[in-house]
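Student: Structure: run-v4.cif, mmCIF, C-alpha atoms and all ligand atoms.
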data_run
#
loop_
_atom_site.label_atom_id
_atom_site.label_comp_id
_atom_site.auth_asym_id
_atom_site.auth_seq_id
_atom_site.Cartn_x
_atom_site.Cartn_y
_atom_site.Cartn_z
CA MET T 1 9.21 -21.09 9.88
CA THR T 2 6.70 -23.55 8.46
CA HIS T 3 4.52 -22.93 5.45
CA LYS T 4 1.58 -22.22 7.75
CA ASN T 5 3.07 -19.38 9.75
CA LYS T 6 4.92 -17.34 7.17
CA LYS T 7 5.20 -13.60 7.70
CA ASN T 8 2.70 -11.22 6.16
CA ILE T 9 3.66 -9.57 2.89
CA ILE T 10 2.96 -5.85 3.05
CA PHE T 11 2.70 -3.70 -0.06
CA ILE T 12 3.66 -0.04 0.27
CA GLY T 13 3.94 2.69 -2.36
CA PHE T 14 2.25 5.75 -3.76
CA MET T 15 -1.45 5.90 -4.71
CA GLY T 16 -2.15 4.39 -8.10
CA CYS T 17 1.01 2.29 -8.35
CA GLY T 18 -0.91 -1.01 -8.21
CA LYS T 19 -0.61 -2.25 -4.61
CA THR T 20 -4.12 -3.70 -4.65
CA SER T 21 -3.88 -5.26 -8.13
CA VAL T 22 -0.44 -6.76 -7.54
CA GLY T 23 -1.34 -7.87 -4.01
CA LYS T 24 -4.55 -9.58 -5.12
CA ARG T 25 -2.81 -11.36 -7.98
CA LEU T 26 0.04 -12.49 -5.73
CA ALA T 27 -2.46 -13.77 -3.17
CA LEU T 28 -4.26 -15.73 -5.87
CA THR T 29 -1.03 -17.20 -7.22
CA ALA T 30 0.39 -18.03 -3.78
CA LYS T 31 -3.01 -19.12 -2.39
CA LYS T 32 -2.91 -16.65 0.46
CA ASN T 33 -5.42 -14.39 2.13
CA PHE T 34 -5.58 -10.83 0.77
CA MET T 35 -6.40 -7.71 2.76
CA ASP T 36 -6.51 -4.02 1.82
CA THR T 37 -6.30 -1.43 4.59
CA ASP T 38 -8.46 1.14 2.75
CA PHE T 39 -11.08 -1.51 2.07
CA GLU T 40 -11.10 -2.58 5.75
CA ILE T 41 -11.48 1.03 6.89
CA GLN T 42 -14.36 1.57 4.46
CA LYS T 43 -16.00 -1.64 5.63
CA THR T 44 -15.80 -0.86 9.33
CA THR T 45 -16.94 2.77 8.96
CA ASN T 46 -19.40 2.03 6.17
CA MET T 47 -18.07 5.17 4.49
CA THR T 48 -15.92 5.90 1.45
CA ILE T 49 -12.41 7.29 1.94
CA ASN T 50 -13.60 10.53 0.32
CA ASP T 51 -16.46 10.83 2.83
CA ILE T 52 -14.21 10.09 5.80
CA PHE T 53 -11.78 12.85 4.71
CA GLU T 54 -14.62 15.27 4.00
CA LYS T 55 -16.64 14.67 7.18
CA TYR T 56 -13.93 13.99 9.75
CA GLY T 57 -10.68 15.14 8.15
CA GLU T 58 -7.41 13.44 7.30
CA SER T 59 -6.26 13.12 10.91
CA TYR T 60 -9.30 11.00 11.75
CA PHE T 61 -8.56 8.74 8.77
CA ARG T 62 -4.94 8.43 9.94
CA ARG T 63 -6.19 7.40 13.39
CA LEU T 64 -8.27 4.63 11.82
CA GLU T 65 -5.25 3.55 9.79
CA ARG T 66 -3.08 3.51 12.92
CA ASN T 67 -5.58 1.40 14.87
CA LEU T 68 -5.87 -1.06 12.01
CA CYS T 69 -2.08 -1.46 11.78
CA LYS T 70 -2.01 -2.29 15.50
CA GLN T 71 -4.77 -4.86 15.04
CA ILE T 72 -3.16 -6.68 12.13
CA ALA T 73 0.42 -6.60 13.43
CA PHE T 74 0.28 -10.10 14.86
CA ASP T 75 -1.56 -11.79 12.00
CA PHE T 76 0.44 -13.99 9.70
CA ASN T 77 0.33 -15.46 6.22
CA ASN T 78 -1.64 -12.49 4.83
CA ILE T 79 -0.93 -10.34 1.82
CA ILE T 80 -1.75 -6.76 2.76
CA ALA T 81 -2.10 -3.75 0.45
CA THR T 82 -1.77 -0.49 2.39
CA GLY T 83 -2.85 3.09 1.70
CA GLY T 84 -0.09 5.25 0.20
CA GLY T 85 0.18 7.38 3.34
CA ILE T 86 0.65 4.52 5.81
CA ILE T 87 4.39 5.25 5.98
CA LYS T 88 3.76 8.77 7.33
CA ASP T 89 3.50 7.31 10.82
CA VAL T 90 6.53 5.32 11.87
CA SER T 91 4.47 3.35 14.40
CA ASN T 92 2.45 1.90 11.50
CA VAL T 93 5.60 0.60 9.87
CA GLU T 94 6.93 -0.71 13.18
CA ASN T 95 3.70 -2.60 13.73
CA LEU T 96 3.50 -3.95 10.19
CA LYS T 97 7.13 -5.09 10.36
CA ILE T 98 6.61 -7.07 13.57
CA ASN T 99 5.51 -9.95 11.43
CA GLY T 100 5.79 -8.65 7.89
CA THR T 101 8.03 -8.34 4.87
CA VAL T 102 7.61 -4.97 3.17
CA VAL T 103 7.45 -4.81 -0.63
CA TYR T 104 7.70 -1.32 -2.14
CA LEU T 105 6.08 -0.78 -5.52
CA LYS T 106 8.06 2.03 -7.07
CA SER T 107 6.71 4.08 -9.97
CA THR T 108 7.14 7.42 -11.73
CA PRO T 109 4.92 10.50 -11.33
CA GLU T 110 3.95 10.24 -15.02
CA LYS T 111 2.80 6.61 -14.75
CA ILE T 112 0.95 7.35 -11.52
CA TYR T 113 -0.69 10.39 -13.11
CA ASN T 114 -1.73 8.26 -16.07
CA ASN T 115 -3.35 5.71 -13.75
CA LEU T 116 -5.15 8.34 -11.70
CA LYS T 117 -5.96 11.17 -14.08
CA ASN T 118 -9.65 10.22 -14.28
CA ASN T 119 -9.93 8.88 -10.74
CA THR T 120 -11.87 10.78 -8.08
CA THR T 121 -11.51 8.40 -5.13
CA ARG T 122 -8.24 9.89 -3.83
CA PRO T 123 -9.15 12.91 -1.65
CA LEU T 124 -5.57 14.20 -1.57
CA LEU T 125 -5.61 14.53 -5.37
CA ASN T 126 -9.16 15.71 -5.93
CA ASN T 127 -9.05 19.44 -5.46
CA THR T 128 -5.85 20.28 -7.19
CA ALA T 129 -5.45 22.39 -10.32
CA ASP T 130 -2.37 20.46 -11.42
CA LYS T 131 -2.63 16.78 -10.50
CA LEU T 132 0.74 15.80 -11.98
CA LYS T 133 2.49 18.52 -9.96
CA THR T 134 0.77 17.43 -6.74
CA ILE T 135 1.70 13.79 -7.38
CA THR T 136 5.31 14.77 -8.15
CA GLU T 137 5.66 16.84 -4.97
CA LEU T 138 3.98 14.33 -2.66
CA LEU T 139 6.01 11.47 -4.12
CA GLU T 140 9.24 13.45 -3.59
CA GLN T 141 8.30 13.95 0.08
CA ARG T 142 7.45 10.31 0.61
CA ARG T 143 10.04 8.57 -1.55
CA PRO T 144 12.74 8.49 1.20
CA LEU T 145 10.29 6.77 3.55
CA TYR T 146 9.17 4.16 1.03
CA GLU T 147 12.82 3.43 0.26
CA LYS T 148 13.85 3.28 3.90
CA TYR T 149 11.13 0.81 4.89
CA ALA T 150 11.34 -1.48 1.84
CA ASP T 151 12.67 -5.01 2.24
CA ILE T 152 12.06 -5.65 -1.45
CA THR T 153 11.59 -3.03 -4.18
CA CYS T 154 9.80 -3.67 -7.45
CA ASP T 155 9.94 -1.00 -10.16
CA VAL T 156 6.44 -1.36 -11.58
CA SER T 157 6.98 1.45 -14.08
CA SER T 158 8.79 -0.94 -16.39
CA PHE T 159 6.67 -4.05 -15.72
CA ASP T 160 3.12 -5.11 -16.48
CA LEU T 161 1.04 -6.83 -13.80
CA ASP T 162 2.22 -10.37 -14.58
CA GLU T 163 5.87 -9.32 -14.69
CA SER T 164 5.56 -7.49 -11.37
CA VAL T 165 4.01 -10.50 -9.66
CA GLU T 166 6.61 -12.83 -11.18
CA PHE T 167 9.47 -10.58 -10.00
CA ILE T 168 8.11 -10.31 -6.46
CA LEU T 169 7.30 -14.01 -6.20
CA LYS T 170 10.84 -14.87 -7.30
CA ARG T 171 12.41 -12.56 -4.72
CA LEU T 172 10.14 -13.84 -1.93
CA THR T 173 10.72 -17.46 -2.85
CA GLU T 174 14.51 -17.02 -2.99
CA ALA T 175 14.43 -15.52 0.49
CA GLN T 176 12.03 -18.24 1.70
CA LEU T 177 9.53 -15.59 2.67
CA ILE T 178 6.56 -17.13 0.92
C1 LIG O 201 -3.65 7.96 0.61
C2 LIG O 201 -3.74 6.86 -0.21
C3 LIG O 201 -4.99 6.14 -0.45
C4 LIG O 201 -5.92 6.29 0.75
C5 LIG O 201 -6.12 7.74 1.09
C6 LIG O 201 -4.79 8.45 1.41
C7 LIG O 201 -2.34 8.65 0.74
O1 LIG O 201 -4.74 4.75 -0.70
O2 LIG O 201 -5.41 5.60 1.86
O3 LIG O 201 -6.75 8.35 0.00
O4 LIG O 201 -2.16 9.43 1.68
O5 LIG O 201 -1.45 8.39 -0.10
P1 LIG O 201 -4.10 4.17 -2.06
O6 LIG O 201 -2.61 4.27 -1.94
O7 LIG O 201 -4.56 2.77 -2.10
O8 LIG O 201 -4.63 4.99 -3.17
#
Rewrite the coordinates I just gave you, this time as structure tokens.
Tutor:
Amino acid sequence: MTHKNKKNIIFIGFMGCGKTSVGKRLALTAKKNFMDTDFEIQKTTNMTINDIFEKYGESYFRRLERNLCKQIAFDFNNIIATGGGIIKDVSNVENLKINGTVVYLKSTPEKIYNNLKNNTTRPLLNNTADKLKTITELLEQRRPLYEKYADITCDVSSFDLDESVEFILKRLTEAQLI
């Protein structure tokens, strides 16, 4: 595989674990194109994620996510940050893996809670009396899927942004994936 047609690098992981920040920084460092599935969905609908969930419901959002995964499956050389729920539909992962290496950003409920405690842009965490509990439960449900689909795992709970990017870049370079 030449430098020009490397596989995509797909970031998966729970909300608030840093997929967008790490992905953007990696793209900058590796001089690659960056894409964020939530951002693309907001751009094409001209709506916020909150509004999409509120007006049309989660299942409609998941349909948009599914269509996007189909569209980007055959791209290459992109760094793609995904929404935390992308792994709920196996067809998304199948599509993203057609031409992609999956990097799982793993974190703890406490760190995630800390990142999101004042955030109101995550509809699944907005109307809950106990945000930490909701994060803990949802992460428990999803953890097996993140782990199953990961080609590379980076524990971001013990790294800062630079260390995370350095770790991932090293792993990708060793495997000639970047
Ligand atoms: C979701 C995660 C969000 C966004 C939507 C649903 C989820 O993306 O797609 O609010 O189900 O985990 P981030 O992981 O970027 O926060």
Student: Mind listing the residues within 8 Å of ligand LIG 201 (chain O), only C-alpha atoms and all ligand atoms counted, as a list in words?
Tutor: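 Every residue with an atom at most 8 Å from ligand LIG 201 (chain O) is listed here: Ile12, Gly13, Phe14, Met15, Gly16, Cys17, Lys19, Thr20, Thr37, Asp38, Ile49, Asn50, Ala81, Thr82, Gly83, Gly84, Gly85, Ile86, Thr121, Arg122, Pro123 and Leu124 of chain T.
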Student: In terms of the shortest atom-to-atom distance over all atoms listed in the file, which of T:Tyr104, T:Phe159, T:Phe11, T:Tyr146 is closest to Lys88 (chain T)?
Tutor: T:Tyr146
Student: If you count all atoms listed in the file, which residues fall within 12 Å of Asn114 (chain T), apart from same-chain ones fewer than 5 positions away, as a ChimeraX atom specification?
Tutor: /T:15-17,107-109,119,131-132,135,157
Student: CA of Glu94 (chain T) and CA of Lys70 (chain T), how far apart in Å?
Tutor: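 Distance between the two atoms: 9.4 Å.
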Student: So, with only C-alpha atoms as the atoms that count, which of T:Ser21, T:Leu26, T:Met47, T:Thr136 lies closest to Glu166 (chain T)?
Tutor: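 Residue with the minimum atom-to-atom distance to Glu166 (chain T): T:Leu26.
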Student: Could you check which of T:Lys111, T:Lys148, T:Lys31, T:Lys6 is closest to Asp160 (chain T), using only C-alpha atoms?
Tutor: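 Answer, going by the shortest atom-to-atom distance: T:Lys111.
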Student: Please indicate the distance in Å from CA of Val102 (chain T) to CA of Phe34 (chain T), rounded to one decimal place.
Tutor: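 Interatomic distance, CA of Val102 (chain T) to CA of Phe34 (chain T): 14.6 Å.
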Student: I'd like the interatomic distance between CA of Ala175 (chain T) and CA of Lys7 (chain T), to a tenth of an Å.
Tutor: 11.9 Å
Student: Assuming the input is short of atoms at region 76-88 of chain T, produce N, CA, C and O atoms for that part as an mmCIF file, keeping the file's coordinate frame.
Tutor:
data_model
loop_
_atom_site.group_PDB
_atom_site.id
_atom_site.type_symbol
_atom_site.label_atom_id
_atom_site.label_comp_id
_atom_site.auth_asym_id
_atom_site.auth_seq_id
_atom_site.Cartn_x
_atom_site.Cartn_y
_atom_site.Cartn_z
ATOM 1 N N PHE T 76 -0.624 -13.453 10.537
ATOM 2 C CA PHE T 76 0.440 -13.990 9.700
ATOM 3 C C PHE T 76 -0.156 -14.590 8.436
ATOM 4 O O PHE T 76 -1.365 -14.788 8.339
ATOM 5 N N ASN T 77 0.728 -14.793 7.456
ATOM 6 C CA ASN T 77 0.330 -15.460 6.220
ATOM 7 C C ASN T 77 -0.630 -14.645 5.343
ATOM 8 O O ASN T 77 -1.248 -15.183 4.442
ATOM 9 N N ASN T 78 -0.766 -13.346 5.634
ATOM 10 C CA ASN T 78 -1.640 -12.490 4.830
ATOM 11 C C ASN T 78 -0.844 -11.670 3.820
ATOM 12 O O ASN T 78 0.309 -11.321 4.074
ATOM 13 N N ILE T 79 -1.493 -11.321 2.736
ATOM 14 C CA ILE T 79 -0.930 -10.340 1.820
ATOM 15 C C ILE T 79 -1.737 -9.063 2.012
ATOM 16 O O ILE T 79 -2.970 -9.073 1.921
ATOM 17 N N ILE T 80 -1.042 -7.979 2.344
ATOM 18 C CA ILE T 80 -1.750 -6.760 2.760
ATOM 19 C C ILE T 80 -1.352 -5.575 1.880
ATOM 20 O O ILE T 80 -0.175 -5.189 1.821
ATOM 21 N N ALA T 81 -2.336 -4.988 1.195
ATOM 22 C CA ALA T 81 -2.100 -3.750 0.450
ATOM 23 C C ALA T 81 -2.438 -2.590 1.379
ATOM 24 O O ALA T 81 -3.485 -2.600 2.030
ATOM 25 N N THR T 82 -1.545 -1.612 1.474
ATOM 26 C CA THR T 82 -1.770 -0.490 2.390
ATOM 27 C C THR T 82 -2.086 0.794 1.610
ATOM 28 O O THR T 82 -1.780 0.890 0.425
ATOM 29 N N GLY T 83 -2.649 1.772 2.302
ATOM 30 C CA GLY T 83 -2.850 3.090 1.700
ATOM 31 C C GLY T 83 -1.498 3.777 1.541
ATOM 32 O O GLY T 83 -0.578 3.546 2.350
ATOM 33 N N GLY T 84 -1.381 4.622 0.516
ATOM 34 C CA GLY T 84 -0.090 5.250 0.200
ATOM 35 C C GLY T 84 0.513 6.087 1.321
ATOM 36 O O GLY T 84 1.721 6.333 1.336
ATOM 37 N N GLY T 85 -0.326 6.512 2.276
ATOM 38 C CA GLY T 85 0.180 7.380 3.340
ATOM 39 C C GLY T 85 0.515 6.629 4.621
ATOM 40 O O GLY T 85 0.858 7.239 5.643
ATOM 41 N N ILE T 86 0.453 5.319 4.588
ATOM 42 C CA ILE T 86 0.650 4.520 5.810
ATOM 43 C C ILE T 86 2.034 4.767 6.407
ATOM 44 O O ILE T 86 2.223 4.716 7.629
ATOM 45 N N ILE T 87 2.997 5.083 5.553
ATOM 46 C CA ILE T 87 4.390 5.250 5.980
ATOM 47 C C ILE T 87 4.623 6.598 6.680
ATOM 48 O O ILE T 87 5.710 6.852 7.186
ATOM 49 N N LYS T 88 3.599 7.468 6.674
ATOM 50 C CA LYS T 88 3.760 8.770 7.330
ATOM 51 C C LYS T 88 3.916 8.630 8.836
ATOM 52 O O LYS T 88 4.448 9.504 9.499
#
